[in-house]
$ cat input01.cif   # mmCIF, C-alpha atoms and all ligand atoms
data_query
loop_
_atom_site.label_atom_id
_atom_site.label_comp_id
_atom_site.auth_asym_id
_atom_site.auth_seq_id
_atom_site.Cartn_x
_atom_site.Cartn_y
_atom_site.Cartn_z
CA MET A 1 38.88 -7.15 31.23
CA LYS A 2 35.26 -6.18 30.74
CA GLN A 3 36.56 -2.95 29.15
CA TYR A 4 38.18 -4.93 26.33
CA HIS A 5 35.14 -7.13 25.73
CA ASP A 6 32.92 -4.02 25.66
CA LEU A 7 35.17 -2.47 23.00
CA VAL A 8 35.04 -5.65 20.89
CA LYS A 9 31.22 -5.80 21.12
CA HIS A 10 30.89 -2.09 20.39
CA VAL A 11 33.00 -2.29 17.22
CA LEU A 12 31.37 -5.53 15.98
CA GLU A 13 27.92 -3.96 16.43
CA ASN A 14 28.57 -0.35 15.44
CA GLY A 15 31.80 -0.28 13.44
CA ASN A 16 31.96 1.34 10.00
CA GLU A 17 32.87 -1.02 7.18
CA LYS A 18 36.13 0.53 6.11
CA GLY A 19 38.89 -0.36 3.68
CA ASP A 20 42.48 -0.06 4.86
CA ARG A 21 46.10 0.14 3.72
CA THR A 22 46.61 -3.63 3.97
CA GLY A 23 43.62 -4.49 1.74
CA THR A 24 42.09 -6.72 4.45
CA GLY A 25 39.05 -4.59 5.29
CA THR A 26 37.93 -3.63 8.79
CA LYS A 27 35.07 -2.65 11.05
CA SER A 28 36.19 0.57 12.63
CA VAL A 29 35.19 3.29 15.09
CA PHE A 30 36.86 6.65 15.58
CA GLY A 31 37.50 7.65 19.18
CA HIS A 32 37.10 5.34 22.19
CA GLN A 33 38.50 5.24 25.71
CA MET A 34 39.15 2.49 28.25
CA ARG A 35 40.29 2.98 31.85
CA PHE A 36 42.20 0.41 33.91
CA ASP A 37 42.63 0.95 37.64
CA LEU A 38 45.96 -0.78 38.21
CA SER A 39 45.04 -1.63 41.81
CA ASP A 40 42.40 -4.03 40.38
CA GLY A 41 45.14 -6.32 39.06
CA PHE A 42 47.35 -6.42 35.99
CA PRO A 43 45.29 -5.84 32.81
CA MET A 44 46.19 -8.89 30.70
CA VAL A 45 43.29 -10.40 28.75
CA THR A 46 42.24 -13.76 30.22
CA THR A 47 39.99 -14.93 27.36
CA LYS A 48 43.06 -15.86 25.31
CA LYS A 49 46.63 -16.53 26.36
CA LEU A 50 49.09 -13.64 25.88
CA HIS A 51 52.86 -14.01 26.02
CA LEU A 52 54.33 -11.44 28.33
CA LYS A 53 57.95 -12.05 27.34
CA SER A 54 57.77 -10.06 24.09
CA ILE A 55 56.01 -7.21 25.87
CA ILE A 56 58.69 -6.90 28.57
CA TYR A 57 61.67 -7.13 26.22
CA GLU A 58 60.11 -4.65 23.78
CA LEU A 59 59.47 -2.17 26.59
CA LEU A 60 63.05 -2.46 27.94
CA TRP A 61 64.24 -1.97 24.35
CA PHE A 62 62.17 1.23 23.96
CA ILE A 63 63.44 2.54 27.32
CA ASN A 64 67.04 1.96 26.23
CA GLY A 65 66.46 4.02 23.10
CA ASP A 66 67.35 1.02 20.96
CA THR A 67 65.99 0.81 17.39
CA ASN A 68 67.90 -2.24 16.11
CA ILE A 69 66.16 -5.63 16.42
CA LYS A 70 69.37 -7.46 17.41
CA TYR A 71 68.59 -7.19 21.16
CA LEU A 72 65.03 -8.44 20.59
CA GLN A 73 66.20 -11.36 18.46
CA GLU A 74 68.85 -12.36 21.02
CA ASN A 75 65.98 -12.66 23.47
CA GLY A 76 63.70 -14.62 21.15
CA VAL A 77 61.37 -11.71 20.32
CA ARG A 78 60.28 -11.64 16.67
CA ILE A 79 57.52 -9.01 16.62
CA TRP A 80 59.58 -6.39 14.73
CA ASN A 81 61.35 -8.73 12.26
CA ALA A 82 59.15 -7.94 9.24
CA TRP A 83 60.14 -4.25 9.19
CA ALA A 84 63.91 -4.20 9.78
CA ASP A 85 66.56 -3.70 7.10
CA GLU A 86 69.41 -6.18 6.48
CA LYS A 87 71.39 -4.74 9.44
CA GLY A 88 68.37 -5.03 11.72
CA ASP A 89 67.72 -1.28 11.79
CA LEU A 90 64.24 0.23 11.94
CA GLY A 91 65.23 3.89 11.64
CA PRO A 92 64.16 6.48 14.27
CA VAL A 93 61.17 4.58 15.75
CA TYR A 94 59.85 4.74 19.35
CA GLY A 95 63.06 4.32 21.37
CA HIS A 96 64.87 6.95 19.32
CA GLN A 97 62.12 9.56 19.72
CA TRP A 98 61.69 8.85 23.45
CA ARG A 99 65.40 9.23 24.24
CA ASN A 100 66.75 11.46 21.45
CA TRP A 101 63.83 13.36 19.95
CA ASN A 102 64.41 14.25 16.30
CA SER A 103 68.13 13.45 16.90
CA ASP A 104 68.28 16.74 18.86
CA GLU A 105 69.54 15.09 22.07
CA ILE A 106 66.22 15.76 23.78
CA ASP A 107 65.73 12.88 26.23
CA GLN A 108 61.97 13.05 26.72
CA LEU A 109 61.89 10.04 29.06
CA THR A 110 64.55 11.37 31.44
CA ASP A 111 62.96 14.84 31.36
CA VAL A 112 59.46 13.57 32.16
CA ILE A 113 60.76 11.47 35.09
CA ASP A 114 62.55 14.54 36.39
CA THR A 115 59.33 16.56 36.23
CA LEU A 116 57.34 13.73 37.84
CA LYS A 117 59.74 13.80 40.80
CA ASN A 118 60.11 17.57 41.13
CA ASN A 119 56.92 19.17 39.82
CA PRO A 120 54.19 16.52 39.76
CA ASN A 121 51.38 19.06 39.34
CA SER A 122 52.74 19.91 35.92
CA ARG A 123 50.29 19.55 33.01
CA ARG A 124 53.14 19.26 30.56
CA MET A 125 54.34 15.73 31.28
CA MET A 126 54.12 14.42 27.73
CA VAL A 127 56.27 12.11 25.65
CA SER A 128 55.75 12.02 21.88
CA ALA A 129 56.89 9.30 19.52
CA TRP A 130 55.12 11.12 16.66
CA ASN A 131 57.66 13.08 14.64
CA PRO A 132 56.41 14.26 11.24
CA SER A 133 59.95 14.91 10.01
CA VAL A 134 60.81 11.18 10.00
CA LEU A 135 57.54 9.65 8.77
CA PRO A 136 58.19 7.11 6.02
CA ASP A 137 57.42 7.67 2.36
CA THR A 138 54.79 4.99 1.71
CA SER A 139 55.84 4.63 -1.94
CA LYS A 140 59.23 3.30 -0.74
CA SER A 141 60.19 0.03 0.95
CA PHE A 142 60.87 -0.22 4.71
CA SER A 143 64.63 -0.49 4.13
CA GLU A 144 64.72 2.39 1.61
CA ASN A 145 63.02 4.59 4.20
CA VAL A 146 65.52 3.52 6.88
CA ALA A 147 68.41 4.24 4.48
CA ASN A 148 66.94 7.76 4.02
CA GLY A 149 66.90 8.39 7.78
CA LYS A 150 63.15 7.79 8.04
CA ALA A 151 61.33 5.43 10.42
CA ALA A 152 60.32 2.06 8.95
CA LEU A 153 56.80 2.60 10.34
CA PRO A 154 54.83 5.53 11.76
CA PRO A 155 54.20 5.00 15.49
CA CYS A 156 50.79 3.58 16.46
CA HIS A 157 51.07 4.50 20.14
CA ALA A 158 51.83 8.09 19.27
CA PHE A 159 52.10 9.97 22.58
CA PHE A 160 51.40 9.69 26.28
CA GLN A 161 50.92 11.96 29.29
CA PHE A 162 51.34 11.46 33.03
CA TYR A 163 49.23 12.81 35.89
CA VAL A 164 49.78 12.67 39.65
CA ALA A 165 47.07 13.05 42.33
CA ASP A 166 46.75 11.59 45.85
CA GLY A 167 50.19 10.02 45.56
CA LYS A 168 49.10 8.00 42.53
CA LEU A 169 50.55 8.21 39.06
CA SER A 170 48.33 7.72 36.01
CA CYS A 171 49.21 7.51 32.35
CA GLN A 172 47.08 8.25 29.32
CA LEU A 173 48.09 6.98 25.90
CA TYR A 174 46.81 8.22 22.56
CA GLN A 175 46.91 5.36 20.06
CA ARG A 176 46.14 6.63 16.55
CA SER A 177 45.46 3.18 15.07
CA ALA A 178 44.57 0.00 16.92
CA ASP A 179 44.25 -3.60 15.73
CA ILE A 180 41.77 -4.72 18.37
CA PHE A 181 42.45 -8.46 18.17
CA LEU A 182 46.24 -8.62 17.85
CA GLY A 183 47.67 -5.25 18.89
CA VAL A 184 45.46 -3.88 21.66
CA PRO A 185 45.91 -6.63 24.31
CA PHE A 186 49.69 -6.16 23.94
CA ASN A 187 49.49 -2.38 23.98
CA ILE A 188 47.38 -2.41 27.19
CA ALA A 189 49.78 -4.74 29.01
CA SER A 190 52.82 -2.82 27.81
CA TYR A 191 51.62 0.62 28.96
CA ALA A 192 50.16 -0.76 32.19
CA LEU A 193 53.58 -2.21 33.02
CA PHE A 194 55.33 0.98 31.95
CA THR A 195 53.02 3.02 34.24
CA MET A 196 53.85 0.72 37.19
CA MET A 197 57.59 1.01 36.50
CA ILE A 198 57.50 4.81 36.24
CA ALA A 199 55.39 5.00 39.41
CA GLN A 200 57.91 2.87 41.31
CA VAL A 201 60.99 4.86 40.29
CA CYS A 202 59.26 8.20 41.01
CA GLY A 203 57.95 7.11 44.43
CA TYR A 204 54.21 6.93 43.63
CA GLU A 205 51.54 4.25 43.70
CA ALA A 206 50.28 3.17 40.29
CA GLY A 207 46.93 4.83 39.54
CA GLU A 208 45.12 4.32 36.23
CA PHE A 209 46.15 3.49 32.72
CA ILE A 210 43.82 5.33 30.33
CA HIS A 211 43.83 4.07 26.76
CA THR A 212 42.48 6.53 24.20
CA PHE A 213 42.05 5.49 20.59
CA GLY A 214 41.84 7.14 17.18
CA ASP A 215 40.89 4.48 14.59
CA ALA A 216 40.06 1.33 16.58
CA HIS A 217 39.43 -1.51 14.14
CA ILE A 218 38.69 -5.20 13.84
CA TYR A 219 40.14 -6.78 10.69
CA ASN A 220 37.56 -8.85 8.80
CA ASN A 221 39.72 -11.97 9.22
CA HIS A 222 39.68 -11.61 13.04
CA VAL A 223 35.89 -11.60 13.53
CA GLU A 224 35.59 -15.35 14.14
CA GLN A 225 38.45 -15.31 16.66
CA LEU A 226 36.87 -12.43 18.57
CA GLU A 227 33.46 -14.13 18.63
CA LEU A 228 35.16 -17.18 20.16
CA GLN A 229 36.84 -14.92 22.69
CA LEU A 230 33.55 -13.22 23.61
CA SER A 231 31.98 -16.63 24.22
CA ARG A 232 34.56 -17.40 26.93
CA ASP A 233 34.09 -16.34 30.56
CA VAL A 234 36.29 -13.51 31.84
CA ARG A 235 38.61 -14.71 34.63
CA PRO A 236 40.19 -12.77 37.52
CA LEU A 237 43.13 -10.56 36.54
CA PRO A 238 46.67 -11.68 37.35
CA LYS A 239 49.05 -9.69 39.57
CA MET A 240 52.33 -8.20 38.47
CA LYS A 241 55.21 -8.31 40.94
CA ILE A 242 58.09 -5.93 40.25
CA ASN A 243 61.45 -5.98 42.05
CA THR A 244 61.04 -3.04 44.44
CA ALA A 245 64.81 -2.56 44.75
CA ILE A 246 64.95 -0.92 41.31
CA LYS A 247 65.02 2.87 41.62
CA SER A 248 65.92 3.99 38.10
CA ILE A 249 63.86 3.35 34.97
CA PHE A 250 67.10 2.42 33.19
CA ASP A 251 68.01 -0.39 35.62
CA PHE A 252 65.12 -2.81 35.03
CA LYS A 253 65.96 -6.29 33.71
CA PHE A 254 63.65 -9.02 32.42
CA GLU A 255 64.13 -10.94 35.69
CA ASP A 256 62.67 -8.06 37.73
CA PHE A 257 59.12 -8.94 36.66
CA GLU A 258 56.95 -11.80 37.80
CA LEU A 259 53.37 -12.42 36.68
CA LEU A 260 51.31 -14.24 39.30
CA ASP A 261 47.96 -16.07 39.04
CA TYR A 262 47.53 -15.77 35.28
CA ASN A 263 45.06 -18.50 34.24
CA PRO A 264 43.96 -17.62 30.71
CA HIS A 265 41.90 -19.57 28.19
CA PRO A 266 44.02 -21.08 25.36
CA HIS A 267 45.80 -18.92 22.78
CA ILE A 268 43.84 -17.97 19.61
CA LYS A 269 45.72 -17.58 16.31
CA GLY A 270 45.07 -14.75 13.84
CA ALA A 271 46.93 -13.45 10.78
CA VAL A 272 48.78 -10.11 11.06
CA ALA A 273 47.94 -7.52 8.39
CA VAL A 274 51.34 -6.15 7.25
N1 LIG B 301 49.19 -1.84 15.44
C1 LIG B 301 48.64 -1.90 16.71
N2 LIG B 301 49.46 -1.72 17.78
C2 LIG B 301 50.80 -1.52 17.65
C3 LIG B 301 51.36 -1.48 16.36
C4 LIG B 301 50.52 -1.64 15.28
O1 LIG B 301 47.43 -2.10 16.89
O2 LIG B 301 51.49 -1.36 18.66
C5 LIG B 301 48.34 -2.02 14.22
C6 LIG B 301 47.49 -0.85 13.84
O3 LIG B 301 46.31 -0.76 14.50
C7 LIG B 301 47.23 -1.12 12.35
C8 LIG B 301 48.59 -1.59 11.92
O4 LIG B 301 46.27 -2.15 12.21
O5 LIG B 301 49.18 -2.19 13.07
C9 LIG B 301 49.44 -0.43 11.42
O6 LIG B 301 48.90 0.08 10.22
P1 LIG B 301 48.69 1.65 9.92
O7 LIG B 301 47.71 2.19 10.94
O8 LIG B 301 50.02 2.32 10.05
O9 LIG B 301 48.14 1.68 8.53
#

$ encode --input "input01.cif" --output "structure tokens"
Amino acid sequence: MKQYHDLVKHVLENGNEKGDRTGTGTKSVFGHQMRFDLSDGFPMVTTKKLHLKSIIYELLWFINGDTNIKYLQENGVRIWNAWADEKGDLGPVYGHQWRNWNSDEIDQLTDVIDTLKNNPNSRRMMVSAWNPSVLPDTSKSFSENVANGKAALPPCHAFFQFYVADGKLSCQLYQRSADIFLGVPFNIASYALFTMMIAQVCGYEAGEFIHTFGDAHIYNNHVEQLELQLSRDVRPLPKMKINTAIKSIFDFKFEDFELLDYNPHPHIKGAVAV
């Protein structure tokens, strides 16, 4: 994961000192891109331990179009707890926009898979989670926004596009805002896995995951943790084994994934800016 370490170094050395919504303060750059060839191994950072379980369950939850945290909680995943209302609802966040865009019964995920199978040269294979009509009113609480039919949070991974060449499927994500220490390692693993799953069900090899950023930032209270991480040696990437019997994106279960040869350095704690 040299790409990740290079991003960390670049932002520590060249980032703009910038205030932010959470009051924490950041070092930030605008515009950056990393490329991961998925045949090199599964891009999970090795210089700190990441838990894959949350990533897999969250991805299956997006794919199902679910926006209530009940399913995540039943599976021990807490990453969305801070934003849900008393019924566990988050409003029309990722899963809703992917499967039922703007509540107009536009299933972007099914449509893009259809195009990938039938017209892979298309330059229109995009899925957008960004929907200006449901962005939250920041003067209101998360649950007030949800009660008004708005999303609890604006999406960070805003939209993605697929590309097929030489029998390989690649995916490029545009992430408008990226917490380099806590969010980015999860976001990379999540979209890398998603790319592999889409490739499998469409009959392609997995090509590259290309991660494009808007505001890529290091929170001031994560600098020490990242310096520790940079001091550690980068280890070989693990491999991801996916049950090859699955032929529909909607049929994957947690048990269909197996991470092999992941030998990371110990976990590093850091506070989340809410
Ligand atoms: N964030 C991520 N990845 C995610 C979700 C959130 O990095 O998947 C981070 C953003 O980078 C930012 C915060 O630090 O959460 C959301 O704040 P804002 O950009 O909406 O102000």

$ closest_atom_pairs --input "input01.cif" --of "stretch 139-240 of chain A" --to "stretch 246-266 of chain A" --cutoff "10 Å" --atoms "only C-alpha atoms" --output "tab-separated table"
residue	atom	partner	partner_atom	distance
A:Leu193	CA	A:Phe257	CA	9.4
A:Phe194	CA	A:Ile249	CA	9.4
A:Met197	CA	A:Ile249	CA	6.9
A:Ile198	CA	A:Ile249	CA	6.6
A:Ala199	CA	A:Ile249	CA	9.7
A:Gln200	CA	A:Lys247	CA	7.1
A:Val201	CA	A:Lys247	CA	4.7
A:Cys202	CA	A:Lys247	CA	7.9
A:Gly203	CA	A:Lys247	CA	8.7
A:Gln229	CA	A:His265	CA	8.8
A:Arg232	CA	A:His265	CA	7.8
A:Asp233	CA	A:His265	CA	8.8
A:Val234	CA	A:Pro264	CA	8.8
A:Arg235	CA	A:Pro264	CA	7.2
A:Pro236	CA	A:Asn263	CA	8.2
A:Leu237	CA	A:Tyr262	CA	6.9
A:Pro238	CA	A:Tyr262	CA	4.7
A:Lys239	CA	A:Leu260	CA	5.1
A:Met240	CA	A:Leu259	CA	4.7

$ atom_distance --input "input01.cif" --atom1 "atom CA of A:Thr67" --atom2 "atom CA of A:Asp137"
18.6 Å

$ residues_around --input "input01.cif" --residues "A:Asp215" --least-positions-apart "4" --cutoff "12 Å" --atoms "all atoms listed in the file" --output "MDAnalysis selection string"
chainID A and resid 11 15:16 18 20 26:33 156:157 174:180 184 219

$ closest_residue --input "input01.cif" --among "A:Asn243, A:Asn121, A:Gln3, A:Ser139" --to "A:Gly167" --atoms "all atoms listed in the file"
A:Asn121

$ closest_residue --input "input01.cif" --among "A:Thr195, A:Thr22, A:Thr46, A:Gln172" --to "A:Met1" --atoms "only C-alpha atoms"
A:Thr46

$ closest_residue --input "input01.cif" --among "A:Tyr163, A:Tyr4, A:Trp101, A:Tyr191" --to "A:Pro120" --atoms "all atoms listed in the file"
A:Tyr163

$ residues_around --input "input01.cif" --residues "stretch 87-93 of chain A" --least-positions-apart "4" --cutoff "12 Å" --atoms "only C-alpha atoms" --output "NGL selection string"
:A and (61-63 or 65-74 or 78 or 80-83 or 97-104 or 128-136 or 141-158)

$ write_last_selection --input "input01.cif" --atoms "C-alpha atoms" --output "PDB file, keeping the file's coordinate frame"
ATOM      1  CA  TRP A  61      64.240  -1.970  24.350  1.00  0.00           C
ATOM      2  CA  PHE A  62      62.170   1.230  23.960  1.00  0.00           C
ATOM      3  CA  ILE A  63      63.440   2.540  27.320  1.00  0.00           C
ATOM      4  CA  GLY A  65      66.460   4.020  23.100  1.00  0.00           C
ATOM      5  CA  ASP A  66      67.350   1.020  20.960  1.00  0.00           C
ATOM      6  CA  THR A  67      65.990   0.810  17.390  1.00  0.00           C
ATOM      7  CA  ASN A  68      67.900  -2.240  16.110  1.00  0.00           C
ATOM      8  CA  ILE A  69      66.160  -5.630  16.420  1.00  0.00           C
ATOM      9  CA  LYS A  70      69.370  -7.460  17.410  1.00  0.00           C
ATOM     10  CA  TYR A  71      68.590  -7.190  21.160  1.00  0.00           C
ATOM     11  CA  LEU A  72      65.030  -8.440  20.590  1.00  0.00           C
ATOM     12  CA  GLN A  73      66.200 -11.360  18.460  1.00  0.00           C
ATOM     13  CA  GLU A  74      68.850 -12.360  21.020  1.00  0.00           C
ATOM     14  CA  ARG A  78      60.280 -11.640  16.670  1.00  0.00           C
ATOM     15  CA  TRP A  80      59.580  -6.390  14.730  1.00  0.00           C
ATOM     16  CA  ASN A  81      61.350  -8.730  12.260  1.00  0.00           C
ATOM     17  CA  ALA A  82      59.150  -7.940   9.240  1.00  0.00           C
ATOM     18  CA  TRP A  83      60.140  -4.250   9.190  1.00  0.00           C
ATOM     19  CA  GLN A  97      62.120   9.560  19.720  1.00  0.00           C
ATOM     20  CA  TRP A  98      61.690   8.850  23.450  1.00  0.00           C
ATOM     21  CA  ARG A  99      65.400   9.230  24.240  1.00  0.00           C
ATOM     22  CA  ASN A 100      66.750  11.460  21.450  1.00  0.00           C
ATOM     23  CA  TRP A 101      63.830  13.360  19.950  1.00  0.00           C
ATOM     24  CA  ASN A 102      64.410  14.250  16.300  1.00  0.00           C
ATOM     25  CA  SER A 103      68.130  13.450  16.900  1.00  0.00           C
ATOM     26  CA  ASP A 104      68.280  16.740  18.860  1.00  0.00           C
ATOM     27  CA  SER A 128      55.750  12.020  21.880  1.00  0.00           C
ATOM     28  CA  ALA A 129      56.890   9.300  19.520  1.00  0.00           C
ATOM     29  CA  TRP A 130      55.120  11.120  16.660  1.00  0.00           C
ATOM     30  CA  ASN A 131      57.660  13.080  14.640  1.00  0.00           C
ATOM     31  CA  PRO A 132      56.410  14.260  11.240  1.00  0.00           C
ATOM     32  CA  SER A 133      59.950  14.910  10.010  1.00  0.00           C
ATOM     33  CA  VAL A 134      60.810  11.180  10.000  1.00  0.00           C
ATOM     34  CA  LEU A 135      57.540   9.650   8.770  1.00  0.00           C
ATOM     35  CA  PRO A 136      58.190   7.110   6.020  1.00  0.00           C
ATOM     36  CA  SER A 141      60.190   0.030   0.950  1.00  0.00           C
ATOM     37  CA  PHE A 142      60.870  -0.220   4.710  1.00  0.00           C
ATOM     38  CA  SER A 143      64.630  -0.490   4.130  1.00  0.00           C
ATOM     39  CA  GLU A 144      64.720   2.390   1.610  1.00  0.00           C
ATOM     40  CA  ASN A 145      63.020   4.590   4.200  1.00  0.00           C
ATOM     41  CA  VAL A 146      65.520   3.520   6.880  1.00  0.00           C
ATOM     42  CA  ALA A 147      68.410   4.240   4.480  1.00  0.00           C
ATOM     43  CA  ASN A 148      66.940   7.760   4.020  1.00  0.00           C
ATOM     44  CA  GLY A 149      66.900   8.390   7.780  1.00  0.00           C
ATOM     45  CA  LYS A 150      63.150   7.790   8.040  1.00  0.00           C
ATOM     46  CA  ALA A 151      61.330   5.430  10.420  1.00  0.00           C
ATOM     47  CA  ALA A 152      60.320   2.060   8.950  1.00  0.00           C
ATOM     48  CA  LEU A 153      56.800   2.600  10.340  1.00  0.00           C
ATOM     49  CA  PRO A 154      54.830   5.530  11.760  1.00  0.00           C
ATOM     50  CA  PRO A 155      54.200   5.000  15.490  1.00  0.00           C
ATOM     51  CA  CYS A 156      50.790   3.580  16.460  1.00  0.00           C
ATOM     52  CA  HIS A 157      51.070   4.500  20.140  1.00  0.00           C
ATOM     53  CA  ALA A 158      51.830   8.090  19.270  1.00  0.00           C
TER      54      ALA A 158
END

$ axis_aligned_box --input "input01.cif" --around "ligand LIG 301 (chain B)" --padding-each-side "4 Å" --output "AutoDock Vina command-line options"
--center_x 48.9 --center_y 0.1 --center_z 13.6 --size_x 13.2 --size_y 12.5 --size_z 18.1

$ atom_distance --input "input01.cif" --atom1 "atom CA of A:Ile210" --atom2 "atom CA of A:Arg35"
4.5 Å

$ closest_residue --input "input01.cif" --among "A:Ala245, A:Met196, A:Ala165, A:Leu59" --to "ligand LIG 301 (chain B)" --atoms "only C-alpha atoms and all ligand atoms"
A:Leu59

$ atom_distance --input "input01.cif" --atom1 "atom CA of A:Leu109" --atom2 "atom CA of A:Ser190"
15.8 Å

$ closest_residue --input "input01.cif" --among "A:Ser54, A:Gln161, A:Thr115, A:Thr47" --to "A:Phe181" --atoms "all atoms listed in the file"
A:Thr47

$ closest_residue --input "input01.cif" --among "A:Lys2, A:Lys269, A:Arg21, A:Lys49" --to "ligand LIG 301 (chain B)" --atoms "only C-alpha atoms and all ligand atoms"
A:Arg21

$ build_atoms --input "input01.cif" --residues "stretch 250-269 of chain A" --atoms "N, CA and C atoms" --output "short mmCIF file (atom, residue, chain, number, x, y, z; two decimals), in the coordinates of the input"
data_model
loop_
_atom_site.label_atom_id
_atom_site.label_comp_id
_atom_site.auth_asym_id
_atom_site.auth_seq_id
_atom_site.Cartn_x
_atom_site.Cartn_y
_atom_site.Cartn_z
N PHE A 250 66.11 3.02 34.09
CA PHE A 250 67.10 2.42 33.19
C PHE A 250 67.76 1.16 33.76
N ASP A 251 67.38 0.78 34.98
CA ASP A 251 68.01 -0.39 35.62
C ASP A 251 67.19 -1.67 35.56
N PHE A 252 65.96 -1.59 35.05
CA PHE A 252 65.12 -2.81 35.03
C PHE A 252 65.68 -3.86 34.08
N LYS A 253 65.58 -5.13 34.53
CA LYS A 253 65.96 -6.29 33.71
C LYS A 253 64.73 -7.20 33.61
N PHE A 254 64.76 -8.08 32.63
CA PHE A 254 63.65 -9.02 32.42
C PHE A 254 63.29 -9.76 33.71
N GLU A 255 64.31 -10.12 34.48
CA GLU A 255 64.13 -10.94 35.69
C GLU A 255 63.46 -10.16 36.82
N ASP A 256 63.29 -8.86 36.67
CA ASP A 256 62.67 -8.06 37.73
C ASP A 256 61.15 -8.12 37.73
N PHE A 257 60.58 -8.88 36.78
CA PHE A 257 59.12 -8.94 36.66
C PHE A 257 58.63 -10.37 36.85
N GLU A 258 57.54 -10.47 37.60
CA GLU A 258 56.95 -11.80 37.80
C GLU A 258 55.43 -11.68 37.74
N LEU A 259 54.83 -12.43 36.83
CA LEU A 259 53.37 -12.42 36.68
C LEU A 259 52.80 -13.56 37.51
N LEU A 260 51.87 -13.23 38.40
CA LEU A 260 51.31 -14.24 39.30
C LEU A 260 49.83 -14.47 38.99
N ASP A 261 49.38 -15.70 39.16
CA ASP A 261 47.96 -16.07 39.04
C ASP A 261 47.35 -15.74 37.69
N TYR A 262 48.11 -15.96 36.62
CA TYR A 262 47.53 -15.77 35.28
C TYR A 262 47.01 -17.12 34.79
N ASN A 263 45.69 -17.23 34.66
CA ASN A 263 45.06 -18.50 34.24
C ASN A 263 44.17 -18.27 33.03
N PRO A 264 44.77 -17.97 31.87
CA PRO A 264 43.96 -17.62 30.71
C PRO A 264 43.37 -18.84 30.01
N HIS A 265 42.37 -18.57 29.16
CA HIS A 265 41.90 -19.57 28.19
C HIS A 265 43.02 -19.75 27.15
N PRO A 266 42.93 -20.82 26.33
CA PRO A 266 44.02 -21.08 25.36
C PRO A 266 44.20 -19.95 24.35
N HIS A 267 45.42 -19.89 23.82
CA HIS A 267 45.80 -18.92 22.78
C HIS A 267 44.86 -19.04 21.56
N ILE A 268 44.62 -17.93 20.86
CA ILE A 268 43.84 -17.97 19.61
C ILE A 268 44.70 -17.35 18.51
N LYS A 269 44.87 -18.08 17.41
CA LYS A 269 45.72 -17.58 16.31
C LYS A 269 44.95 -16.60 15.41
#
